[in-house]
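**Q** Below is query12.txt; it holds compact mmCIF, C-alpha atoms.
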# COMPACT_ATOMS: atom_id res chain seq x y z
CA MET T 323 72.24 -5.21 75.48
CA ALA T 324 75.39 -3.46 74.27
CA VAL T 325 75.89 0.15 75.27
CA SER T 326 75.66 2.65 72.42
CA GLU T 327 78.76 4.44 71.18
CA ILE T 328 79.15 7.78 72.94
CA VAL T 329 80.45 10.52 70.67
CA PRO T 330 80.27 14.35 70.52
CA GLY T 331 77.74 15.65 68.04
CA LYS T 332 75.69 12.45 68.24
CA THR T 333 75.20 11.55 71.89
CA LYS T 334 72.91 13.90 73.80
CA ILE T 335 74.04 14.51 77.37
CA GLY T 336 72.11 15.64 80.39
CA TRP T 337 73.61 17.42 83.39
CA ILE T 338 72.13 17.81 86.88
CA GLY T 339 73.83 20.24 89.30
CA THR T 340 75.96 23.22 88.29
CA GLY T 341 77.76 24.18 91.48
CA VAL T 342 81.42 24.99 92.12
CA MET T 343 82.59 22.05 89.98
CA GLY T 344 79.60 20.93 87.92
CA SER T 345 79.36 24.07 85.81
CA SER T 346 82.95 23.77 84.59
CA MET T 347 82.66 20.02 83.99
CA CYS T 348 79.52 20.34 81.92
CA GLY T 349 81.06 23.29 80.08
CA HIS T 350 83.96 21.12 78.93
CA LEU T 351 81.55 18.57 77.47
CA ILE T 352 79.71 21.30 75.57
CA ASP T 353 83.04 22.63 74.30
CA LYS T 354 83.80 19.14 72.95
CA GLY T 355 80.60 19.20 70.91
CA PHE T 356 78.06 17.44 73.12
CA GLU T 357 74.51 18.81 73.03
CA ALA T 358 73.45 19.35 76.65
CA THR T 359 70.17 19.55 78.55
CA ILE T 360 70.61 20.72 82.13
CA TYR T 361 68.74 21.06 85.40
CA THR T 362 69.56 23.11 88.47
CA ARG T 363 67.38 24.10 91.39
CA SER T 364 68.11 27.72 90.55
CA LYS T 365 68.05 28.57 86.86
CA ASP T 366 70.36 31.53 87.52
CA LYS T 367 73.18 29.08 88.30
CA ALA T 368 72.83 27.67 84.80
CA LYS T 369 73.26 31.02 83.06
CA ALA T 370 76.83 30.45 81.87
CA LEU T 371 75.95 27.05 80.41
CA ILE T 372 72.80 28.37 78.75
CA GLU T 373 74.97 31.02 77.10
CA LYS T 374 77.16 28.15 75.80
CA GLY T 375 74.09 26.60 74.16
CA ALA T 376 72.70 24.29 76.85
CA THR T 377 68.94 23.88 77.26
CA TRP T 378 67.55 24.26 80.78
CA VAL T 379 64.59 22.14 81.91
CA ASP T 380 62.67 22.04 85.16
CA SER T 381 63.37 18.53 86.48
CA PRO T 382 65.90 15.68 86.38
CA LYS T 383 63.19 13.58 84.71
CA ALA T 384 62.97 16.10 81.87
CA VAL T 385 66.77 16.02 81.55
CA ALA T 386 66.70 12.24 81.05
CA GLU T 387 63.82 12.41 78.58
CA ALA T 388 65.98 14.60 76.33
CA SER T 389 69.29 12.76 76.86
CA ASP T 390 71.23 9.55 76.25
CA VAL T 391 73.76 9.95 79.09
CA ILE T 392 72.77 11.79 82.26
CA PHE T 393 75.46 13.14 84.58
CA GLY T 394 74.82 14.44 88.09
CA ILE T 395 76.97 16.15 90.69
CA VAL T 396 74.94 17.42 93.64
CA GLY T 397 75.51 17.88 97.37
CA PHE T 398 74.46 15.05 99.66
CA PRO T 399 73.32 11.41 99.38
CA GLN T 400 69.69 12.46 99.87
CA ASP T 401 70.08 14.79 96.89
CA VAL T 402 71.56 11.94 94.83
CA ARG T 403 68.61 9.73 95.73
CA GLU T 404 66.13 12.46 94.79
CA VAL T 405 67.65 13.40 91.42
CA PHE T 406 68.25 9.82 90.27
CA LEU T 407 65.58 7.69 91.96
CA GLY T 408 62.88 10.22 92.91
CA GLU T 409 59.44 10.53 91.33
CA ASN T 410 60.80 13.27 89.05
CA GLY T 411 64.29 11.81 88.95
CA ALA T 412 66.47 10.86 86.03
CA LEU T 413 65.63 7.16 86.10
CA ALA T 414 61.93 7.95 85.80
CA GLY T 415 62.64 9.76 82.53
CA SER T 416 65.13 7.27 81.13
CA LYS T 417 64.60 4.91 78.21
CA LYS T 418 66.31 1.54 77.83
CA GLY T 419 69.99 1.94 77.05
CA ASN T 420 70.37 5.29 78.80
CA VAL T 421 73.38 5.74 81.08
CA LEU T 422 73.24 7.43 84.50
CA VAL T 423 76.52 8.79 85.85
CA ASP T 424 76.67 10.04 89.44
CA MET T 425 79.79 12.16 90.00
CA THR T 426 78.77 13.25 93.50
CA THR T 427 80.79 11.92 96.42
CA SER T 428 78.13 9.72 97.98
CA GLU T 429 77.50 6.43 99.77
CA PRO T 430 78.86 3.25 98.14
CA SER T 431 75.67 1.42 99.12
CA LEU T 432 73.56 4.03 97.33
CA ALA T 433 75.67 3.64 94.19
CA VAL T 434 74.93 -0.10 94.26
CA GLU T 435 71.21 0.55 94.84
CA ILE T 436 71.01 2.96 91.89
CA ALA T 437 72.86 0.48 89.66
CA GLU T 438 70.58 -2.42 90.59
CA THR T 439 67.39 -0.35 90.25
CA ALA T 440 68.52 1.05 86.91
CA LYS T 441 69.52 -2.38 85.57
CA ALA T 442 66.03 -3.69 86.27
CA GLN T 443 64.74 -1.03 83.87
CA GLY T 444 67.35 -1.64 81.18
CA VAL T 445 69.37 1.43 82.16
CA TYR T 446 73.10 1.52 82.97
CA SER T 447 74.48 3.29 86.04
CA ILE T 448 78.02 4.40 86.86
CA ASP T 449 79.44 5.99 90.03
CA ALA T 450 82.29 8.36 89.21
CA PRO T 451 83.25 10.75 92.03
CA VAL T 452 86.08 13.15 91.33
CA SER T 453 88.99 14.86 93.07
CA GLY T 454 90.78 18.07 92.15
CA GLY T 455 88.46 20.79 93.41
CA ASP T 456 87.39 23.88 91.52
CA VAL T 457 90.82 24.27 89.93
CA GLY T 458 90.85 20.72 88.59
CA ALA T 459 87.31 21.15 87.27
CA LYS T 460 88.12 24.43 85.52
CA GLU T 461 91.32 23.06 83.98
CA ALA T 462 89.79 19.69 83.01
CA ARG T 463 92.38 17.74 84.98
CA LEU T 464 90.26 15.99 87.57
CA SER T 465 90.98 12.54 88.93
CA ILE T 466 87.90 10.44 88.15
CA MET T 467 87.32 7.27 90.22
CA ILE T 468 84.86 4.97 88.49
CA GLY T 469 82.66 2.07 89.52
CA GLY T 470 80.44 0.08 87.17
CA GLU T 471 80.44 -2.22 84.15
CA LYS T 472 83.70 -1.96 82.19
CA GLU T 473 82.00 -1.86 78.78
CA VAL T 474 79.96 1.16 79.82
CA VAL T 475 82.92 2.86 81.50
CA ASP T 476 85.01 2.43 78.35
CA ALA T 477 82.21 3.77 76.14
CA LEU T 478 82.22 6.94 78.23
CA ASN T 479 85.90 7.68 77.50
CA PRO T 480 85.17 10.76 75.32
CA ALA T 481 83.32 12.29 78.28
CA TRP T 482 85.93 11.31 80.89
CA GLU T 483 88.71 12.74 78.72
CA ALA T 484 86.87 16.05 78.40
CA MET T 485 86.79 16.47 82.19
CA GLY T 486 89.80 14.73 83.68
CA LYS T 487 93.40 13.61 83.38
CA THR T 488 93.50 10.61 85.72
CA ILE T 489 90.72 8.22 84.73
CA VAL T 490 90.68 4.85 86.51
CA HIS T 491 88.04 2.12 86.50
CA GLN T 492 88.15 0.81 90.07
CA GLY T 493 85.69 -2.08 89.83
CA PRO T 494 81.94 -2.79 90.05
CA ALA T 495 79.21 -0.43 91.24
CA GLY T 496 80.25 1.34 94.44
CA ALA T 497 83.99 0.92 93.84
CA GLY T 498 84.34 4.51 92.66
CA GLN T 499 82.74 5.77 95.87
CA HIS T 500 84.93 3.54 98.04
CA THR T 501 88.00 4.91 96.27
CA LYS T 502 86.83 8.45 96.94
CA MET T 503 86.60 7.57 100.64
CA VAL T 504 90.29 6.60 100.49
CA ASN T 505 90.97 9.98 98.87
CA GLN T 506 89.02 11.93 101.50
CA THR T 507 90.68 10.05 104.36
CA LEU T 508 94.08 11.06 102.98
CA ILE T 509 93.05 14.69 102.60
CA SER T 510 91.47 14.96 106.06
CA SER T 511 94.71 14.44 107.99
CA MET T 512 96.78 16.20 105.33
CA MET T 513 94.80 19.42 105.79
CA ILE T 514 95.51 19.36 109.52
CA GLY T 515 99.23 19.11 108.73
CA VAL T 516 99.14 21.95 106.18
CA CYS T 517 97.32 24.30 108.54
CA GLU T 518 99.38 23.45 111.62
CA ALA T 519 102.63 23.81 109.67
CA LEU T 520 101.74 27.27 108.35
CA LEU T 521 100.55 28.32 111.80
CA TYR T 522 103.86 27.16 113.28
CA GLY T 523 105.81 29.07 110.63
CA TYR T 524 103.85 32.23 111.31
CA LYS T 525 104.35 32.06 115.09
CA ALA T 526 108.06 31.38 114.59
CA GLY T 527 108.32 34.68 112.73
CA LEU T 528 109.14 33.14 109.35
CA ASP T 529 108.15 34.58 106.00
CA LEU T 530 105.62 32.00 104.83
CA GLU T 531 106.19 32.55 101.12
CA THR T 532 109.90 31.89 101.64
CA VAL T 533 109.11 28.82 103.73
CA MET T 534 106.90 27.49 100.92
CA LYS T 535 109.82 27.62 98.49
CA SER T 536 111.69 25.16 100.68
CA VAL T 537 108.96 22.77 101.80
CA SER T 538 106.54 22.53 98.89
CA THR T 539 108.96 20.76 96.55
CA GLY T 540 110.50 18.31 99.02
CA ALA T 541 109.20 15.25 100.83
CA ALA T 542 106.56 17.37 102.60
CA GLY T 543 105.08 18.60 99.33
CA SER T 544 101.44 17.84 98.47
CA TRP T 545 98.60 19.07 96.29
CA SER T 546 96.94 20.58 99.36
CA LEU T 547 100.06 22.49 100.35
CA SER T 548 100.82 23.80 96.87
CA ASN T 549 97.25 24.72 95.93
CA LEU T 550 95.60 25.62 99.23
CA GLY T 551 98.64 26.88 101.15
CA PRO T 552 98.82 30.10 99.08
CA ARG T 553 95.08 30.66 99.56
CA ILE T 554 95.46 30.29 103.32
CA MET T 555 98.33 32.78 103.33
CA ALA T 556 96.26 35.23 101.27
CA ASN T 557 93.17 34.87 103.51
CA ASN T 558 91.26 33.53 100.52
CA PHE T 559 88.89 30.93 101.91
CA ASP T 560 86.56 30.77 98.91
CA PRO T 561 85.42 27.19 98.35
CA GLY T 562 87.03 24.84 95.93
CA PHE T 563 85.13 22.31 98.02
CA PHE T 564 82.72 23.22 100.82
CA VAL T 565 83.51 22.40 104.46
CA GLU T 566 79.99 21.06 104.93
CA HIS T 567 80.40 18.68 102.00
CA PHE T 568 83.74 17.49 103.37
CA ILE T 569 82.07 16.74 106.71
CA LYS T 570 79.51 14.69 104.79
CA ASP T 571 82.30 12.75 103.08
CA MET T 572 84.15 12.06 106.33
CA GLY T 573 80.89 10.88 107.88
CA ILE T 574 80.43 8.37 105.06
CA ALA T 575 84.03 7.16 105.42
CA LEU T 576 83.65 6.77 109.19
CA ALA T 577 80.39 4.83 108.77
CA GLU T 578 82.01 2.53 106.21
CA SER T 579 85.05 2.03 108.45
CA ARG T 580 82.83 1.05 111.36
CA ARG T 581 80.99 -1.41 109.11
CA MET T 582 84.35 -2.97 108.21
CA GLY T 583 85.53 -3.03 111.84
CA LEU T 584 88.29 -0.46 111.32
CA SER T 585 89.66 1.99 113.87
CA MET T 586 90.29 5.36 112.17
CA PRO T 587 91.36 7.81 114.91
CA GLY T 588 92.98 10.30 112.53
CA LEU T 589 89.85 10.55 110.40
CA ALA T 590 87.68 10.87 113.50
CA LEU T 591 89.83 13.74 114.82
CA ALA T 592 89.69 15.56 111.48
CA GLU T 593 85.90 15.19 111.35
CA GLN T 594 85.55 16.72 114.83
CA LEU T 595 87.81 19.65 113.93
CA TYR T 596 85.77 20.32 110.80
CA GLN T 597 82.57 20.16 112.84
CA SER T 598 84.07 23.06 114.83
CA VAL T 599 84.74 24.97 111.60
CA LYS T 600 81.11 24.54 110.59
CA ALA T 601 79.84 25.47 114.07
CA LYS T 602 81.68 28.79 113.82
CA GLY T 603 79.79 29.66 110.64
CA TRP T 604 82.36 28.63 108.03
CA GLY T 605 80.54 25.62 106.60
CA ARG T 606 80.28 27.22 103.16
CA GLU T 607 83.95 28.17 103.04
CA GLY T 608 86.63 25.98 101.47
CA THR T 609 88.17 23.05 103.33
CA HIS T 610 91.28 25.12 104.02
CA ALA T 611 89.15 27.25 106.39
CA LEU T 612 90.29 24.68 108.95
CA MET T 613 93.10 27.18 109.53
CA LEU T 614 90.67 29.65 111.08
CA THR T 615 89.65 27.19 113.81
CA LEU T 616 93.17 25.89 114.48
CA ALA T 617 94.55 29.44 114.70
CA GLU T 618 91.75 30.48 117.04
CA MET T 619 92.58 27.54 119.34
CA SER T 620 96.06 29.05 119.74
CA GLY T 621 94.82 32.61 120.22
CA VAL T 622 95.79 33.74 116.72
CA ASP T 623 93.47 35.93 114.64
CA TRP T 624 94.64 34.54 111.31
CA LYS T 625 92.77 36.94 109.06
CA ASN T 626 94.14 39.98 110.92
CA ARG T 627 97.63 38.68 111.67
Let me see the file written as structure tokens.

**A**
Amino acid sequence: MAVSEIVPGKTKIGWIGTGVMGSSMCGHLIDKGFEATIYTRSKDKAKALIEKGATWVDSPKAVAEASDVIFGIVGFPQDVREVFLGENGALAGSKKGNVLVDMTTSEPSLAVEIAETAKAQGVYSIDAPVSGGDVGAKEARLSIMIGGEKEVVDALNPAWEAMGKTIVHQGPAGAGQHTKMVNQTLISSMMIGVCEALLYGYKAGLDLETVMKSVSTGAAGSWSLSNLGPRIMANNFDPGFFVEHFIKDMGIALAESRRMGLSMPGLALAEQLYQSVKAKGWGREGTHALMLTLAEMSGVDWKNR
């Protein structure tokens, strides 16, 4: 069965989860002309989208019943399972030909399970985790890593283009999630370097803004340094991505690496450091809150420096 053409003004979309990133992502689709039905655990979190014209319903199943393509971006794999495969989940409300798109960072094996279960009911399923944080979501320039059938992925191009700038089909179901594990492994060690470097600069008596002018554009430059470095310097630890969600991601990557027989000491160290961040009560801060723990280990009160 060929997938239906997906176009603004014709295709009805559903959206599950309107957190730090989901609200902006869904908003871009509405701005492009897609009619949206949405579900969130707290209706208050959907207020901005309702004001844009979205219709709120009380379950993922109800979202699917009103939609052709159902997107979800929630917190943890158990949430993904509930909103897609649960008794009141999106698959339960889907008709043949519907498309499920999970944009949560989740387990590759779960992405495969959802795809196989959906296929048995005549429903398509795509895993499409993203990178770029709250800024990338707001500015519609996310990197979208996609797993699933190429025909379906291509049909979704109008939606991908509304949300992201780097859109790559990585392979079959689960390939998007595996690619996101590569992404999170890179970030985990990178964030240690960003925080330790700024801590070093501070203790050496340097002006950090001046230091940034030299290091951010050279070989040491990175997205994390350029985007999160200024937040660290300004004591702004608001989440573009929650520490507790990053710990979840690193846990998935470590489990997958063990399954493949890989030794990943850098990733394991980063995961332990972030566990410390969470233990100190900063689990709902942004990933750059790693600075608070690293500074404390050296006797530096970063916020009051």

**Q** By how many Å are atom CA of T:Ala368 and atom CA of T:Ile569 apart?

**A** 26.2 Å

**Q** Restrict the calculation to only C-alpha atoms, then for each residue of stretch 422-461 of chain T with any atom at most 12 Å from an atom of stretch 506-510 of chain T give the closest atom pair and their distance in Å to one decimal, rows by chain and rising residue number, as CSV.

**A**
residue,atom,partner,partner_atom,distance
T:Thr427,CA,T:Gln506,CA,9.7
T:Ser428,CA,T:Gln506,CA,11.7
T:Pro451,CA,T:Gln506,CA,11.2
T:Val452,CA,T:Gln506,CA,10.7
T:Ser453,CA,T:Gln506,CA,8.9
T:Gly454,CA,T:Ile509,CA,11.2
T:Gly455,CA,T:Ile509,CA,11.9

**Q** Please indicate the distance in Å from atom CA of T:Glu387 to atom CA of T:Gly408, rounded to one decimal place.

**A** 14.5 Å

**Q** So the first atom is atom CA of T:Ala433 and the second is atom CA of T:Val405; what is the distance between them in Å, to one decimal place?

**A**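 Computing the Euclidean distance for atom CA of T:Ala433 and atom CA of T:Val405 yields 12.9 Å.
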
**Q** With all atoms listed in the file as the atoms that count, which of T:Met582, T:Ala617, T:Val599, T:Ala495 lies nearest to T:Leu520?

**A**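 Under the stated criterion, the closest residue is T:Ala617.
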
**Q** Please build the interface table for stretch 438-540 of chain T against stretch 327-348 of chain T with a cut-off of 6 Å, listing for each qualifying residue the nearest atom pair and the distance in Å to one decimal; count all atoms listed in the file, order rows by chain and increasing number, and write it as CSV.

**A**
residue,atom,partner,partner_atom,distance
T:Asp456,CA,T:Met343,CA,5.4
T:Ala459,CA,T:Met343,CA,5.5
T:Lys460,CA,T:Ser346,CA,5.3
T:Ala477,CA,T:Ile328,CA,6.0
T:Met485,CA,T:Met347,CA,5.7

**Q** Which residue is closest to T:Lys570? Choose from T:Ser431, T:Asn558, T:Ser585, T:Thr426 and count only C-alpha atoms.

**A**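 When distances to T:Lys570 are compared using only C-alpha atoms, the smallest one comes from T:Thr426.
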
**Q** Would you please work out which residue, of T:His350, T:His500, T:Lys369, T:Lys625, is nearest to T:Val434 when using all atoms listed in the file?

**A**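 Distance minimum relative to T:Val434 lands on T:His500.
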
**Q** Could you pull the residues within 9 Å of T:Val457, counting all atoms listed in the file, minus those fewer than 6 positions along the same chain, as a JSON list (two decimals) with C-alpha atoms, keeping the file's coordinate frame?

**A**
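After the write, out_33.json holds the following:
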[["chain", "number", "residue", "atom", "x", "y", "z"],
["T", 343, "MET", "CA", 82.59, 22.05, 89.98],
["T", 463, "ARG", "CA", 92.38, 17.74, 84.98],
["T", 464, "LEU", "CA", 90.26, 15.99, 87.57],
["T", 549, "ASN", "CA", 97.25, 24.72, 95.93],
["T", 562, "GLY", "CA", 87.03, 24.84, 95.93]]

**Q** Tell me which protein, DNA and RNA residues are within 8 Å of T:Gly605, counting only C-alpha atoms, leaving out same-chain ones fewer than 4 positions away, and put them as a list of chain:residue names.

**A** T:Phe564, T:Val565, T:Glu566, T:Val599, T:Lys600, T:Ala601

**Q** Take the point (97.4, 17.7, 104.0) as written in the file and pick out every residue within 12 Å of it, counting all atoms listed in the file; give the list as a PyMOL selection string.

**A** chain T and resi 505-520+538+542-551+592+609-610+612-613

**Q** Give me the residues near stretch 577-579 of chain T as number ranges by chain, where near means some atom within 9 Å (using all atoms listed in the file) and where sequence neighbours in that chain fewer than 5 positions away do not count.

**A** T: 429-430, 500, 503, 572, 584-586
